[in-house]
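Below you'll find the structure, written out as structure tokens, and then a few comments.
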Amino acid sequence: MSSLTEKDRPIVQLLLNSGTCPRCILRFCCVGSQMLYRCPYKDLMKNLREFLKNNKEKEDTVCFDVVDPPCKRIRLEQMEEGPDDLNHNRALQQIPTVNNENTAIENSALKVCNVCLGILQEFCEIDFVKKVCQKVNSSDYQFTSFVFSVSLPPQLSVRERAAWLLVKQEMGKLGLSLAKEDIVQLKEAYKWIIHPQLSEELGVPADGKSLFEVSVVFAHPETDEECRFLATACPDCFKPAKNKQSVFTRMAVIKALEKIKEEDFLMHFPCPPSSPMNLSVALEIQCNNGAVFVAGRYNKYSRNLPQTPWIIDGERKLESSVEELISEHLMAEFKADSFNFSSSGREDVDVRTLGNGRPFAIELVNPRRIHFTAEEMKGLQQTINNSSDKIQVRDLQLVTRSAIGRMKEGEEEKTKTYSALIWTDKAIQREDIAFLDDIKELKLDQKTPLRVLHRRPLAVRCRIIHTMKSEYIDEHHFRLHLKTQAGTYIKEFVHGDFGRTKPNIGCLLNRTADILELDVESVDVDWPPTLEN
């Protein structure tokens, strides 16, 4: 049975007199009953009135008729002498005693709460809940649960500190103490109230692990300047950040409040905090779905198609890319805001990817649609394949974020198989290239190729050619099939890159060699899982 006890009576009276709402009073009395906070506002006021009218000698406690877990405890300890009785005039403001409890109740009912700035008043009502749900429903998201987040004005932390100092002084008179940690946090109380209402209206449960987030951003322009004294008292707590519009973030304010001395705080801020004229405003009501990840393998059949958009100095060189040909259909079906493409390595614009394809994954950011059956994914795969003769995808499937790590695990230890069409300046016979078939585990030293030096750091990388198999064509051409360590620069292994790759095919054959065509025949990464057709 959750209750207010006799020792709470002066606190209730004190906070009501100062203009604090019933739910904030429960918070400062450390009441941990979620059900109590959900009671209608008028009922809470009525219960507080009955509590204050209660005959102290007749009954030691007045219980609100709600069954719930025990409330938070208030530690009993003797208060030490300190600056608790100071404000900006070095004395806590004396609050006139209102002997008529009805007057106190009525005053509090008419005012915007001086602690929560109305958030535990108007914004707990069903009209606001319906406004949030209307926003959610009109956004056309698929979801089976939700997590609710709220962003509060940073000045609420300042007002909460002032109210705590007021209560702490009053409790000190009774030989009691109140730790800040024992006060029910405003966000926590608000979620206790709002969660069941949102859940009922949306028809799905609240779940802290849900990927669908409903968020509300509150502001209170009237009191925006109340944090500024902290910047003077604790300047090191307020440093400009590139992605923040104001230095007065909630975390910066909390950090400053932890550092500032109580007497300095009370010199700059009224205690109790003054009652505002206006309610807080809900600046934004936003919805966001957690990212969805799609994986598969792609084949690239064009020698004039980059993997990702090819843009140099702001100018686009080719009209499309593998990334765009795949993602445009996924973006449309998942109704996502944006995407991030990744793959197991990459091929040059003039290199084909054959065989079983190259593994890829696409992160779809804030998708509206998230549920797809295996048949629907198969249909989406077919749509992509029908849209272009330059690429094909296979094994298209939904995966988890953690599973994508398997695509990148031990990337340099993986092997890749290539087919290279090679030209030589001097005539060759079959016997001139036959020895290449016998070379195993050939170690290369590859200095960063000249063609990628603008985007890769200068370094010498050790790479291995595991096996080679030659296929004679004519006096100046042969095809070479290679199995190599991932990350090997094949073009440079053929022509030598002006001696930056050693050894190379040119020096092994003792003649000038160049590469005319290159195909990736296999990427030996066992991911994503192969699907049945």
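To be explicit about the labels: the chains of the structure tokens are called A, B, and onward in the order shown, and within each one the residues are counted from 1, while ligands get numbers from 1 in the order they are shown.
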>> Considering only helix (DSSP H, G or I) as DSSP defines it on the backbone, what residues of region 106-195 of chain A qualify? List them as a ChimeraX atom specification.
In response: /A:106-110,122-124,126-138,155-173,180-182,186-195
> Closest to Lys191 (chain A) among A:Arg27, A:Arg38, A:Arg500, A:Lys135, using only C-alpha atoms?
Replying inline: A:Arg38
>> With only C-alpha atoms as the counted atoms, please give the residues lying no more than 10 Å from Gly496 (chain A), apart from itself and same-chain residues fewer than 2 positions off, as a ChimeraX atom specification.
In response: /A:446,449,490-494,498-507,512-514
If you keep N, CA, C and O atoms, can you produce a file of those selected residues as a short mmCIF file (atom, residue, chain, number, x, y, z; two decimals), in the first residue's frame?
```cif
data_model
loop_
_atom_site.label_atom_id
_atom_site.label_comp_id
_atom_site.auth_asym_id
_atom_site.auth_seq_id
_atom_site.Cartn_x
_atom_site.Cartn_y
_atom_site.Cartn_z
N GLN A 446 53.97 -5.07 -52.20
CA GLN A 446 53.24 -4.12 -53.03
C GLN A 446 53.19 -2.76 -52.36
O GLN A 446 52.52 -2.57 -51.34
N PRO A 449 49.67 1.37 -54.93
CA PRO A 449 49.66 1.70 -56.36
C PRO A 449 49.48 3.19 -56.62
O PRO A 449 48.78 3.89 -55.88
N ILE A 490 45.89 -6.97 -58.40
CA ILE A 490 46.18 -7.87 -59.51
C ILE A 490 46.77 -7.13 -60.70
O ILE A 490 47.74 -7.58 -61.32
N LYS A 491 46.22 -5.99 -61.04
CA LYS A 491 46.74 -5.23 -62.18
C LYS A 491 48.21 -4.90 -61.98
O LYS A 491 49.02 -5.01 -62.91
N GLU A 492 48.56 -4.50 -60.79
CA GLU A 492 49.95 -4.14 -60.49
C GLU A 492 50.85 -5.37 -60.48
O GLU A 492 52.04 -5.28 -60.83
N PHE A 493 50.31 -6.52 -60.08
CA PHE A 493 51.10 -7.76 -60.13
C PHE A 493 51.45 -8.12 -61.57
O PHE A 493 52.50 -8.69 -61.85
N VAL A 494 50.59 -7.75 -62.51
CA VAL A 494 50.85 -8.06 -63.92
C VAL A 494 51.89 -7.10 -64.51
O VAL A 494 52.92 -7.53 -65.03
N PHE A 498 55.62 0.27 -62.42
CA PHE A 498 56.92 0.94 -62.41
C PHE A 498 57.82 0.43 -61.29
O PHE A 498 58.54 1.21 -60.64
N GLY A 499 57.76 -0.86 -61.04
CA GLY A 499 58.63 -1.48 -60.03
C GLY A 499 58.11 -1.39 -58.61
O GLY A 499 58.79 -1.81 -57.67
N ARG A 500 56.88 -0.91 -58.42
CA ARG A 500 56.34 -0.77 -57.06
C ARG A 500 55.81 -2.10 -56.53
O ARG A 500 55.60 -2.24 -55.33
N THR A 501 55.50 -3.07 -57.43
CA THR A 501 55.12 -4.41 -57.01
C THR A 501 56.21 -5.39 -57.45
O THR A 501 56.52 -5.47 -58.65
N LYS A 502 56.79 -6.09 -56.50
CA LYS A 502 57.87 -7.04 -56.78
C LYS A 502 57.61 -8.35 -56.03
O LYS A 502 57.28 -8.31 -54.84
N PRO A 503 57.80 -9.51 -56.71
CA PRO A 503 57.97 -9.67 -58.17
C PRO A 503 56.66 -9.40 -58.89
O PRO A 503 55.62 -9.26 -58.27
N ASN A 504 56.71 -9.39 -60.23
CA ASN A 504 55.52 -9.20 -61.05
C ASN A 504 55.63 -10.07 -62.29
O ASN A 504 56.69 -10.64 -62.57
N ILE A 505 54.57 -10.21 -63.05
CA ILE A 505 54.55 -11.08 -64.23
C ILE A 505 55.60 -10.63 -65.26
O ILE A 505 56.29 -11.45 -65.88
N GLY A 506 55.74 -9.30 -65.41
CA GLY A 506 56.73 -8.80 -66.37
C GLY A 506 58.13 -9.27 -66.06
O GLY A 506 58.84 -9.75 -66.95
N CYS A 507 58.53 -9.16 -64.79
CA CYS A 507 59.89 -9.58 -64.46
C CYS A 507 60.03 -11.10 -64.45
O CYS A 507 61.10 -11.64 -64.76
N THR A 512 57.97 -7.03 -71.11
CA THR A 512 56.89 -6.12 -70.69
C THR A 512 55.55 -6.84 -70.77
O THR A 512 55.25 -7.48 -71.79
N ALA A 513 54.77 -6.72 -69.72
CA ALA A 513 53.44 -7.33 -69.68
C ALA A 513 52.42 -6.30 -69.23
O ALA A 513 52.73 -5.39 -68.44
N ASP A 514 51.23 -6.42 -69.75
CA ASP A 514 50.15 -5.53 -69.32
C ASP A 514 48.85 -6.33 -69.26
O ASP A 514 48.74 -7.39 -69.87
#
```
> Which polymer residues have any atom within 10 Å of an atom of Lys255 (chain A), counting only C-alpha atoms, with same-chain residues fewer than 6 positions away left out, as a list in words?
Replying inline: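 Non-adjacent residues within range: Leu230, Cys234, Asp236, Cys237, Phe238 and Thr249 of chain A.
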> Using only C-alpha atoms, which of A:Arg456, A:His220, A:Lys426, A:Arg352 sits nearest Ala282 (chain A)?
Replying inline: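 Checking each candidate against Ala282 (chain A), we get A:His220 as the closest.
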> Which residues, written as a PyMOL selection string, have at least one atom at most 12 Å from Val129 (chain A), with only C-alpha atoms counted and residues fewer than 2 positions away on the same chain left out?
Replying inline: chain A and resi 122-127+131-136+148+190-191+193-202+214+216+282+285
>> Applying 8 Å and only C-alpha atoms, which residues near region 435-442 of chain A remain after dropping the ones on its own chain fewer than 5 positions away? List them as a list in words.
In response: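 Contacts, with the query itself left out: Ile464, Ile465, His466, Thr467, Met468, Lys469 and Ser470 of chain A.
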Take the residues from that selection and put them in a file with N, CA, C and O atoms, as an mmCIF file, in the first residue's frame.
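Listed below is the output, out.cif:
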```cif
data_model
loop_
_atom_site.group_PDB
_atom_site.id
_atom_site.type_symbol
_atom_site.label_atom_id
_atom_site.label_comp_id
_atom_site.auth_asym_id
_atom_site.auth_seq_id
_atom_site.Cartn_x
_atom_site.Cartn_y
_atom_site.Cartn_z
ATOM 1 N N ILE A 464 50.075 -12.467 -50.918
ATOM 2 C CA ILE A 464 50.466 -13.808 -51.378
ATOM 3 C C ILE A 464 49.622 -14.231 -52.577
ATOM 4 O O ILE A 464 48.395 -14.113 -52.558
ATOM 5 N N ILE A 465 50.317 -14.739 -53.624
ATOM 6 C CA ILE A 465 49.654 -15.403 -54.742
ATOM 7 C C ILE A 465 49.718 -16.894 -54.424
ATOM 8 O O ILE A 465 50.786 -17.501 -54.453
ATOM 9 N N HIS A 466 48.563 -17.486 -54.086
ATOM 10 C CA HIS A 466 48.571 -18.890 -53.659
ATOM 11 C C HIS A 466 48.867 -19.833 -54.833
ATOM 12 O O HIS A 466 49.736 -20.706 -54.730
ATOM 13 N N THR A 467 48.136 -19.665 -55.935
ATOM 14 C CA THR A 467 48.344 -20.528 -57.107
ATOM 15 C C THR A 467 48.105 -19.727 -58.371
ATOM 16 O O THR A 467 47.411 -18.707 -58.356
ATOM 17 N N MET A 468 48.691 -20.235 -59.493
ATOM 18 C CA MET A 468 48.447 -19.643 -60.814
ATOM 19 C C MET A 468 48.278 -20.771 -61.824
ATOM 20 O O MET A 468 48.907 -21.820 -61.710
ATOM 21 N N LYS A 469 47.445 -20.534 -62.823
ATOM 22 C CA LYS A 469 47.274 -21.485 -63.924
ATOM 23 C C LYS A 469 47.159 -20.689 -65.212
ATOM 24 O O LYS A 469 46.285 -19.855 -65.360
ATOM 25 N N SER A 470 48.090 -20.957 -66.152
ATOM 26 C CA SER A 470 48.150 -20.204 -67.404
ATOM 27 C C SER A 470 47.352 -20.899 -68.506
ATOM 28 O O SER A 470 47.212 -22.125 -68.519
#
```
> With only C-alpha atoms as the atoms that count, which of A:Val147, A:Met277, A:Trp527, A:Asn17 lies nearest to Ser210 (chain A)?
Replying inline: A:Val147
> Residues at most 9 Å from region 398-409 of chain A, counting only C-alpha atoms, excluding those fewer than 2 positions away in the same chain, as a ChimeraX atom specification?
Replying inline: /A:291-296,343-345,359-361,363,372,374,377,396,411-414,525-528
>> With DSSP run on the backbone, what are the strand (DSSP E or B) residues within region 280-429 of chain A? I'd like them as a PyMOL selection string.
In response: chain A and resi 281-289+292-300+311-312+315-316+338-343+352-365+391-399+415-424
>> Just checking: using only C-alpha atoms, which residue out of A:Glu375, A:Asp432, A:Glu475, A:Glu6 ends up closest to Leu174 (chain A)?
In response: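 Result for the nearest residue to Leu174 (chain A): A:Glu6.
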> Which one of A:Phe334, A:Phe341, A:Phe229, A:Tyr141 sits closest to Val158 (chain A) if you count only C-alpha atoms?
Replying inline: A:Phe229
> So how many Å separate CA of Glu517 (chain A) and CA of Lys317 (chain A), to one decimal?
Replying inline: 20.8 Å
> Interatomic distance between CA of Arg358 (chain A) and CA of Lys378 (chain A)?
Replying inline: 18.2 Å
>> Between CA of Ser327 (chain A) and CA of Gly357 (chain A), what distance in Å does the model show, to one decimal?
In response: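 If I compute the distance from CA of Ser327 (chain A) to CA of Gly357 (chain A), I get 16.7 Å.
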